[in-house]
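protein_9.txt follows; it contains compact mmCIF, C-alpha atoms.
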# COMPACT_ATOMS: atom_id res chain seq x y z
CA MET P 1 0.00 0.00 0.00
CA MET P 2 1.33 3.43 -0.96
CA THR P 3 1.83 5.89 1.90
CA PHE P 4 2.54 9.56 1.21
CA ASP P 5 1.39 12.92 2.54
CA THR P 6 1.78 15.14 -0.56
CA ILE P 7 1.33 14.81 -4.31
CA LEU P 8 3.57 17.07 -6.39
CA THR P 9 3.36 17.67 -10.12
CA HIS P 10 4.76 20.30 -12.47
CA PRO P 11 3.40 23.85 -12.86
CA GLY P 12 2.24 25.41 -16.12
CA GLY P 13 0.31 23.63 -18.82
CA ALA P 14 -1.60 20.57 -17.68
CA HIS P 15 -2.14 17.34 -19.55
CA LYS P 16 -4.47 14.41 -19.21
CA ASP P 17 -1.79 11.96 -18.05
CA GLU P 18 -0.68 13.78 -14.89
CA PHE P 19 -4.25 14.90 -14.17
CA LEU P 20 -5.43 11.28 -14.17
CA ALA P 21 -2.31 10.00 -12.38
CA CYS P 22 -2.89 12.52 -9.60
CA SER P 23 -6.58 11.59 -9.53
CA VAL P 24 -5.73 7.92 -8.96
CA LEU P 25 -3.28 8.87 -6.22
CA LEU P 26 -5.88 11.06 -4.52
CA ALA P 27 -8.21 8.07 -4.47
CA LEU P 28 -5.52 6.24 -2.49
CA ALA P 29 -4.76 9.08 -0.08
CA PRO P 30 -6.70 12.35 0.51
CA VAL P 31 -3.59 14.54 0.67
CA PRO P 32 -2.76 18.05 -0.59
CA LEU P 33 -1.73 18.37 -4.24
CA VAL P 34 0.99 20.91 -5.11
CA ARG P 35 1.98 22.15 -8.56
CA ARG P 36 5.62 23.33 -8.63
CA GLU P 37 9.07 22.09 -9.62
CA PRO P 38 10.40 19.39 -7.28
CA THR P 39 13.52 19.84 -5.18
CA ALA P 40 16.16 17.20 -4.55
CA ASP P 41 14.63 16.70 -1.12
CA ASP P 42 11.22 16.06 -2.71
CA LEU P 43 12.66 13.39 -4.99
CA ASN P 44 14.45 11.69 -2.10
CA ASN P 45 11.43 11.80 0.20
CA PRO P 46 8.97 8.91 -0.32
CA SER P 47 6.30 10.85 1.57
CA VAL P 48 6.18 13.19 -1.45
CA CYS P 49 4.69 11.53 -4.52
CA VAL P 50 6.31 13.27 -7.52
CA VAL P 51 4.33 12.88 -10.74
CA ASP P 52 5.24 13.71 -14.36
CA VAL P 53 8.27 15.77 -13.38
CA GLY P 54 11.72 15.19 -11.93
CA HIS P 55 13.15 12.85 -14.61
CA LEU P 56 13.04 9.86 -12.28
CA HIS P 57 11.00 6.68 -12.29
CA GLU P 58 11.59 5.23 -8.86
CA PRO P 59 8.38 3.67 -7.54
CA ALA P 60 9.99 2.84 -4.20
CA HIS P 61 10.48 6.58 -3.67
CA HIS P 62 7.11 7.42 -5.27
CA ASN P 63 8.71 9.18 -8.25
CA PHE P 64 6.70 8.68 -11.45
CA ASP P 65 8.17 10.59 -14.39
CA HIS P 66 8.52 9.32 -17.94
CA HIS P 67 10.23 12.22 -19.69
CA GLN P 68 13.70 10.70 -19.25
CA LEU P 69 12.77 7.58 -21.19
CA PRO P 70 14.45 7.23 -24.63
CA LYS P 71 12.53 8.50 -27.63
CA ASP P 72 12.09 5.00 -29.06
CA HIS P 73 10.58 3.69 -25.80
CA PRO P 74 6.98 2.45 -26.17
CA PRO P 75 4.60 5.34 -25.42
CA THR P 76 4.40 5.56 -21.63
CA CYS P 77 2.95 8.37 -19.55
CA SER P 78 2.83 9.15 -15.83
CA LEU P 79 -0.57 7.46 -15.50
CA SER P 80 0.95 4.31 -17.03
CA LEU P 81 3.70 4.31 -14.38
CA VAL P 82 1.28 4.76 -11.48
CA LEU P 83 -1.00 1.99 -12.76
CA GLN P 84 2.00 -0.29 -13.24
CA HIS P 85 3.05 0.29 -9.64
CA LEU P 86 -0.46 -0.58 -8.47
CA GLY P 87 -0.54 -3.77 -10.53
CA LEU P 88 -3.47 -2.48 -12.60
CA TYR P 89 -1.79 -1.53 -15.87
CA ALA P 90 -2.49 -4.74 -17.79
CA ASP P 91 -6.18 -4.57 -16.93
CA ALA P 92 -6.30 -0.85 -17.74
CA ARG P 93 -4.79 -1.44 -21.18
CA GLN P 94 -7.30 -4.23 -21.78
CA PHE P 95 -10.42 -2.55 -20.42
CA CYS P 96 -9.79 1.20 -20.99
CA GLU P 97 -9.56 1.74 -24.74
CA TRP P 98 -8.74 5.40 -24.18
CA LEU P 99 -5.46 4.65 -22.32
CA GLU P 100 -3.21 3.73 -25.24
CA PRO P 101 -4.24 6.77 -27.32
CA ALA P 102 -3.63 8.95 -24.23
CA GLU P 103 -0.12 7.47 -23.95
CA TRP P 104 0.53 8.15 -27.62
CA PHE P 105 -0.82 11.69 -27.47
CA ASP P 106 1.33 12.57 -24.46
CA CYS P 107 4.53 10.99 -25.81
CA ARG P 108 4.23 11.42 -29.57
CA GLY P 109 1.95 14.42 -30.00
CA PRO P 110 -1.26 14.88 -31.99
CA PHE P 111 0.09 14.35 -35.51
CA ALA P 112 1.85 11.05 -34.78
CA THR P 113 -1.15 9.91 -32.74
CA ALA P 114 -3.56 10.69 -35.58
CA LYS P 115 -1.36 8.77 -38.01
CA TRP P 116 -1.15 5.82 -35.60
CA LEU P 117 -4.96 5.83 -35.27
CA GLY P 118 -5.35 6.06 -39.03
CA VAL P 119 -7.35 9.30 -38.96
CA GLU P 120 -6.83 12.89 -40.05
CA ARG P 121 -5.41 15.29 -37.47
CA ASP P 122 -8.66 17.28 -37.44
CA VAL P 123 -10.55 14.25 -36.16
CA LEU P 124 -8.79 14.59 -32.81
CA ASN P 125 -10.14 18.13 -32.47
CA GLN P 126 -13.64 16.83 -33.18
CA LEU P 127 -13.32 14.54 -30.17
CA ASN P 128 -12.40 17.34 -27.76
CA SER P 129 -14.82 17.78 -24.88
CA PRO P 130 -15.46 21.01 -22.94
CA ILE P 131 -15.29 18.82 -19.83
CA ASP P 132 -11.66 17.98 -20.60
CA VAL P 133 -10.84 21.55 -21.53
CA THR P 134 -12.26 23.05 -18.35
CA LEU P 135 -10.81 20.48 -15.96
CA LEU P 136 -7.31 20.74 -17.45
CA ARG P 137 -7.45 24.53 -17.66
CA ARG P 138 -8.52 24.90 -14.03
CA PHE P 139 -5.89 22.37 -12.99
CA ALA P 140 -3.21 24.35 -14.84
CA LEU P 141 -4.23 27.55 -13.03
CA ALA P 142 -3.99 25.97 -9.57
CA GLN P 143 -0.89 26.08 -7.41
CA GLN P 144 -2.25 23.95 -4.60
CA LEU P 145 -5.40 21.88 -4.10
CA ALA P 146 -6.70 20.30 -0.93
CA ARG P 147 -9.79 18.63 0.50
CA GLY P 148 -12.82 20.86 0.03
CA ASP P 149 -11.58 22.45 -3.20
CA PRO P 150 -14.11 21.53 -5.94
CA LEU P 151 -11.41 20.42 -8.38
CA TRP P 152 -9.66 18.29 -5.73
CA GLU P 153 -12.96 16.59 -4.91
CA ILE P 154 -13.73 15.95 -8.59
CA MET P 155 -10.25 14.54 -9.19
CA ARG P 156 -10.61 12.18 -6.28
CA MET P 157 -13.99 11.00 -7.59
CA ILE P 158 -12.46 10.37 -11.02
CA GLY P 159 -9.66 8.35 -9.44
CA GLU P 160 -12.07 6.38 -7.26
CA ASP P 161 -14.31 5.55 -10.22
CA LEU P 162 -11.37 4.44 -12.36
CA LEU P 163 -9.97 2.17 -9.64
CA ASP P 164 -13.43 0.82 -8.84
CA TYR P 165 -14.08 0.07 -12.51
CA LEU P 166 -10.84 -1.86 -12.94
CA LYS P 167 -11.11 -3.81 -9.69
CA SER P 168 -14.82 -4.61 -9.98
CA LEU P 169 -14.53 -5.65 -13.63
CA ARG P 170 -11.64 -7.97 -12.83
CA ALA P 171 -13.66 -9.49 -9.99
CA ARG P 172 -16.63 -9.91 -12.34
CA LEU P 173 -14.51 -11.61 -15.00
CA ASN P 174 -13.09 -13.97 -12.40
CA PHE P 175 -16.66 -14.76 -11.31
CA LEU P 176 -17.73 -15.46 -14.90
CA ALA P 177 -14.70 -17.66 -15.48
CA GLN P 178 -15.79 -19.75 -12.52
CA HIS P 179 -19.53 -19.96 -13.22
CA ALA P 180 -20.41 -19.14 -16.85
CA GLU P 181 -20.90 -21.72 -19.61
CA PHE P 182 -20.86 -21.56 -23.39
CA TRP P 183 -23.68 -23.50 -25.01
CA GLU P 184 -23.31 -24.57 -28.63
CA LEU P 185 -26.66 -24.84 -30.39
CA ASP P 186 -27.48 -26.09 -33.88
CA LEU P 187 -29.46 -23.19 -35.30
CA PRO P 188 -30.71 -22.24 -38.74
CA GLY P 189 -27.68 -21.06 -40.64
CA GLY P 190 -25.28 -23.22 -38.66
CA PRO P 191 -24.06 -23.77 -35.08
CA ALA P 192 -23.65 -20.83 -32.76
CA LYS P 193 -22.62 -20.22 -29.17
CA ILE P 194 -24.69 -18.77 -26.34
CA LEU P 195 -23.17 -17.51 -23.09
CA PHE P 196 -25.13 -18.80 -20.10
CA VAL P 197 -24.68 -17.32 -16.61
CA PRO P 198 -26.39 -19.38 -13.90
CA ARG P 199 -28.14 -17.83 -10.94
CA THR P 200 -25.92 -17.79 -7.85
CA GLU P 201 -26.32 -16.65 -4.28
CA PRO P 202 -25.59 -13.94 -3.60
CA MET P 203 -26.52 -12.68 -7.05
CA PRO P 204 -24.37 -9.84 -8.44
CA GLU P 205 -26.02 -6.43 -8.35
CA GLU P 206 -25.72 -6.18 -12.14
CA PRO P 207 -25.86 -9.78 -13.43
CA SER P 208 -25.23 -8.77 -17.05
CA SER P 209 -22.15 -6.63 -16.37
CA GLY P 210 -18.87 -7.69 -17.95
CA LEU P 211 -20.38 -10.18 -20.39
CA GLU P 212 -18.94 -8.61 -23.53
CA ARG P 213 -15.49 -8.27 -21.97
CA PHE P 214 -15.62 -11.90 -20.86
CA ILE P 215 -16.63 -13.14 -24.30
CA GLU P 216 -13.85 -11.07 -25.88
CA SER P 217 -11.31 -12.42 -23.40
CA ARG P 218 -12.18 -15.95 -24.54
CA GLY P 219 -11.73 -15.03 -28.21
CA LEU P 220 -15.35 -15.94 -28.99
CA ALA P 221 -16.80 -12.60 -30.04
CA ASP P 222 -17.32 -13.87 -33.61
CA GLN P 223 -19.06 -17.07 -32.47
CA VAL P 224 -21.37 -15.97 -29.67
CA ILE P 225 -24.73 -14.63 -30.84
CA GLY P 226 -26.63 -14.34 -27.55
CA THR P 227 -26.55 -14.40 -23.77
CA VAL P 228 -28.75 -15.87 -21.06
CA CYS P 229 -28.34 -14.15 -17.73
CA PRO P 230 -30.30 -13.99 -14.44
CA ASP P 231 -32.99 -11.33 -14.45
CA ARG P 232 -32.46 -9.10 -11.40
CA ARG P 233 -36.19 -8.19 -11.37
CA SER P 234 -37.50 -11.75 -11.24
CA ALA P 235 -36.50 -15.34 -10.53
CA GLY P 236 -36.13 -16.05 -14.26
CA TYR P 237 -33.67 -15.11 -16.97
CA GLY P 238 -33.04 -12.42 -19.53
CA LEU P 239 -32.29 -13.47 -23.11
CA SER P 240 -30.32 -11.00 -25.22
CA ARG P 241 -28.72 -10.74 -28.61
CA PHE P 242 -24.94 -10.33 -28.46
CA ARG P 243 -23.83 -7.26 -30.39
CA ASP P 244 -27.34 -7.11 -31.87
CA ASN P 245 -26.80 -10.29 -33.87
CA PRO P 246 -29.86 -10.75 -36.16
CA ARG P 247 -29.71 -14.55 -35.88
CA LEU P 248 -31.89 -14.16 -32.77
CA ASP P 249 -35.26 -12.40 -32.91
CA PHE P 250 -37.07 -12.62 -29.61
CA THR P 251 -40.35 -11.35 -31.04
CA ARG P 252 -40.69 -14.94 -32.30
CA ILE P 253 -41.20 -16.15 -28.71
CA ALA P 254 -43.42 -13.30 -27.50
CA GLY P 255 -46.43 -15.61 -27.40
CA CYS P 256 -44.81 -18.31 -25.29
CA PRO P 257 -46.52 -18.61 -21.89
CA GLU P 258 -43.22 -18.51 -19.96
CA VAL P 259 -42.12 -15.30 -21.72
CA HIS P 260 -43.47 -12.23 -19.94
CA PHE P 261 -41.63 -9.63 -22.03
CA ALA P 262 -40.21 -9.49 -25.54
CA HIS P 263 -39.01 -6.18 -26.91
CA ALA P 264 -40.70 -5.08 -30.12
CA ARG P 265 -37.31 -4.76 -31.80
CA GLY P 266 -36.47 -8.34 -30.92
CA PHE P 267 -33.15 -7.84 -29.14
CA VAL P 268 -34.17 -8.92 -25.63
CA ALA P 269 -36.76 -11.02 -23.82
CA LYS P 270 -37.52 -12.02 -20.23
CA THR P 271 -38.68 -15.47 -19.17
CA SER P 272 -39.85 -16.97 -15.90
CA THR P 273 -38.45 -20.41 -16.69
CA THR P 274 -35.28 -21.60 -15.00
CA GLU P 275 -35.02 -25.00 -16.69
CA ILE P 276 -32.01 -25.33 -18.97
CA SER P 277 -33.85 -27.40 -21.57
CA ARG P 278 -36.68 -24.84 -21.82
CA LEU P 279 -34.21 -21.95 -22.04
CA LYS P 280 -32.46 -23.67 -24.93
CA ASN P 281 -35.80 -24.36 -26.58
CA LEU P 282 -36.70 -20.66 -26.41
CA LEU P 283 -33.41 -19.81 -28.09
CA LEU P 284 -34.08 -22.35 -30.82
CA ARG P 285 -37.53 -20.87 -31.43
CA ALA P 286 -36.07 -17.34 -31.52
CA ALA P 287 -33.43 -18.30 -34.08
CA THR P 288 -33.61 -16.97 -37.62
CA GLU P 289 -31.68 -17.66 -40.80
CA ALA P 290 -30.29 -14.13 -40.93
CA ASP P 291 -26.58 -13.69 -41.58
CA ALA P 292 -24.36 -12.53 -38.74
CA PRO P 293 -23.73 -8.76 -38.79
CA SER P 294 -20.53 -7.51 -40.41
CA ARG P 295 -18.01 -5.90 -38.08
Could you quickly redo this structure as structure tokens?
Amino acid sequence: MMTFDTILTHPGGAHKDEFLACSVLLALAPVPLVRREPTADDLNNPSVCVVDVGHLHEPAHHNFDHHQLPKDHPPTCSLSLVLQHLGLYADARQFCEWLEPAEWFDCRGPFATAKWLGVERDVLNQLNSPIDVTLLRRFALAQQLARGDPLWEIMRMIGEDLLDYLKSLRARLNFLAQHAEFWELDLPGGPAKILFVPRTEPMPEEPSSGLERFIESRGLADQVIGTVCPDRRSAGYGLSRFRDNPRLDFTRIAGCPEVHFAHARGFVAKTSTTEISRLKNLLLRAATEADAPSR
């Protein structure tokens, strides 16, 4: 566990990487945040967490700068270094699609990042948000932030939400790995897979959370066409198309006595049955001969 009593980052212009790195650190410890150049004493003092400045990457001393890395080093920013130290970087790269572009933007600049993404430079401007602009501008104007300052409180909330997302998603994927099953059904148009999540006690607050990530992690995104997951509003199950695959149309089972809801657009249905054979039968009846959607 990291222990420090101050977070220090550079003054002047602010960027997303140190803003988010500081936000994560604030979620770990509600300490003052100072924006100035570090001294030698700061860099040698592990109670001062120095971020994105100082030309040192020494996690044991809580120094997290990347600017001294060679120019051919893989894009790495201060947020990357903090997440690595916390053991969360691999999950963040897998689950936060925005992280790698943020690393590129900070280390390579907008033109190289646009080329790497395969888009025109102007596209990056089209993705700018006034939320980002205001938060970074106000952060750049600050010299010190502490508990009670609106920006400090917002930064801590951002850090808490990011850490909670990574930790809860990992826990959910571990749960699915232990309990979920992949059914292979012979359907019109050929065999297809269905992800089935059994009802457990206690039942997760959001039973359908993490399903897409889990399917992707198993390399089955092109084979799975639907999911069957406990319905948190009843003792039955929810049946859903995966990535809106047209090979399932749940309007076809709207008249079944055990189906109490089928969306008019056919992408989801709710059933009171809990029997595996009847669940599979509903999927068979909902199947169509439509081609899988192109991706």
Computed interatomic separation between atom CA of Arg172 of chain P and atom CA of Phe95 of chain P (Å):
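Between atom CA of Arg172 of chain P and atom CA of Phe95 of chain P the gap works out to 12.6 Å.
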Can you work out which one of P:Arg278, P:His179, P:Arg108, P:His10 has the shortest atom-to-atom distance to Asp65 of chain P, counting all atoms listed in the file?
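Of P:Arg278, P:His179, P:Arg108, P:His10, the one nearest Asp65 of chain P, counting all atoms listed in the file, is P:His10.
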So that I can check the surroundings of Ile154 of chain P, please list as a list in words every protein, DNA and RNA residue that reaches within 12 Å of it, counting all atoms listed in the file and ignoring chain neighbours fewer than 2 positions away.
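What passes the distance filter is Phe19, Leu20, Cys22, Ser23, Val24, Leu26, Ala27, Ile131, Leu135, Leu136, Arg138, Phe139, Leu145, Ala146, Arg147, Gly148, Asp149, Pro150, Leu151, Trp152, Arg156, Met157, Ile158, Gly159, Glu160 and Asp161 of chain P.
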Create the file for the chosen residues now, containing C-alpha atoms and written as a tab-separated table (two decimals), in the coordinates of the input.
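selection_33.tsv, freshly written:
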chain	number	residue	atom	x	y	z
P	19	PHE	CA	-4.25	14.90	-14.17
P	20	LEU	CA	-5.43	11.28	-14.17
P	22	CYS	CA	-2.89	12.52	-9.60
P	23	SER	CA	-6.58	11.59	-9.53
P	24	VAL	CA	-5.73	7.92	-8.96
P	26	LEU	CA	-5.88	11.06	-4.52
P	27	ALA	CA	-8.21	8.07	-4.47
P	131	ILE	CA	-15.29	18.82	-19.83
P	135	LEU	CA	-10.81	20.48	-15.96
P	136	LEU	CA	-7.31	20.74	-17.45
P	138	ARG	CA	-8.52	24.90	-14.03
P	139	PHE	CA	-5.89	22.37	-12.99
P	145	LEU	CA	-5.40	21.88	-4.10
P	146	ALA	CA	-6.70	20.30	-0.93
P	147	ARG	CA	-9.79	18.63	0.50
P	148	GLY	CA	-12.82	20.86	0.03
P	149	ASP	CA	-11.58	22.45	-3.20
P	150	PRO	CA	-14.11	21.53	-5.94
P	151	LEU	CA	-11.41	20.42	-8.38
P	152	TRP	CA	-9.66	18.29	-5.73
P	156	ARG	CA	-10.61	12.18	-6.28
P	157	MET	CA	-13.99	11.00	-7.59
P	158	ILE	CA	-12.46	10.37	-11.02
P	159	GLY	CA	-9.66	8.35	-9.44
P	160	GLU	CA	-12.07	6.38	-7.26
P	161	ASP	CA	-14.31	5.55	-10.22
Write out, as JSON lines, each residue of segment 20-97 of chain P that has an atom at most 12 Å from segment 200-216 of chain P, together with the closest pair of atoms and their distance in Å to one decimal, counting all atoms listed in the file, rows going by chain and rising number.
{"residue": "P:Asp91", "atom": "CA", "partner": "P:Arg213", "partner_atom": "CA", "distance": 11.2}
{"residue": "P:Gln94", "atom": "CA", "partner": "P:Arg213", "partner_atom": "CA", "distance": 9.1}
{"residue": "P:Phe95", "atom": "CA", "partner": "P:Arg213", "partner_atom": "CA", "distance": 7.8}
{"residue": "P:Cys96", "atom": "CA", "partner": "P:Arg213", "partner_atom": "CA", "distance": 11.1}
{"residue": "P:Glu97", "atom": "CA", "partner": "P:Arg213", "partner_atom": "CA", "distance": 12.0}
Considering all atoms listed in the file, return as a list in words whatever protein or nucleic-acid residues lie within 10 Å of Val82 of chain P, sequence-local ones (same chain, fewer than 4 positions apart) excluded.
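Result of the neighbour search: Glu18, Leu20, Ala21, Cys22, Val24, Leu25, Val51, His57, Pro59, His62, Asn63, Phe64, Asp65, Cys77, Ser78, Leu86, Gly87, Leu88 and Tyr89 of chain P.
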Pairwise distance for atom CA of Trp104 of chain P and atom CA of Leu8 of chain P, rounded to one decimal in Å:
23.2 Å
Suppose you want the space between atom CA of His263 of chain P and atom CA of Phe196 of chain P; what is it in Å?
20.0 Å
Would you give the centre and edge lengths, in Å to one decimal, of a box along x, y and z around the listed atoms of segment 125-144 of chain P, with 3 Å added to each side, as lines of an AutoDock Vina configuration file?
center_x = -8.2
center_y = 21.0
center_z = -18.9
size_x = 20.6
size_y = 19.0
size_z = 34.6
P:Val53, P:Leu239, P:Ala114, P:Met1: which is nearest Ala40 of chain P, counting all atoms listed in the file?
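Of P:Val53, P:Leu239, P:Ala114, P:Met1, the one nearest Ala40 of chain P, counting all atoms listed in the file, is P:Val53.
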Nearest to Val228 of chain P, restricted to all atoms listed in the file and choosing among P:Ala180, P:Leu185, P:Ala264, P:Ala287, comes out as P:Ala180
Residue neighbourhood segment 271-274 of chain P, 8 Å, only C-alpha atoms, exclusion window fewer than 4 positions, as a VMD selection string:
chain P and resid 234 to 239 258 to 261 278 to 279
Just checking: using all atoms listed in the file, which residue out of P:Arg199, P:Arg137, P:Arg93, P:Arg232 ends up closest to Gly12 of chain P?
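Among the listed residues, the smallest separation from Gly12 of chain P belongs to P:Arg137.
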Within 9 Å of segment 242-257 of chain P, counting all atoms listed in the file, which residues qualify if same-chain residues fewer than 3 places away don't, as an MDAnalysis selection string?
chainID P and resid 187:189 194 212 221 224:227 239 260:269 271 282:293
All residues 9 Å or closer to Asp106 of chain P, all atoms listed in the file, same chain fewer than 4 positions away omitted, as a list in words
His15, Lys16, Asp17, Pro75, Thr76, Cys77, Pro101, Ala102 and Pro110 of chain P
Of the listed residues P:Glu181, P:Glu58, P:Asp122, P:Asp52, that which approaches Ala14 of chain P most closely, counting only C-alpha atoms
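That would be P:Asp52, the residue with the smallest distance to Ala14 of chain P.
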Ranking P:His61, P:Phe175, P:Pro130, P:Glu275 by minimum distance to Asp41 of chain P and counting all atoms listed in the file, which one comes first?
P:His61
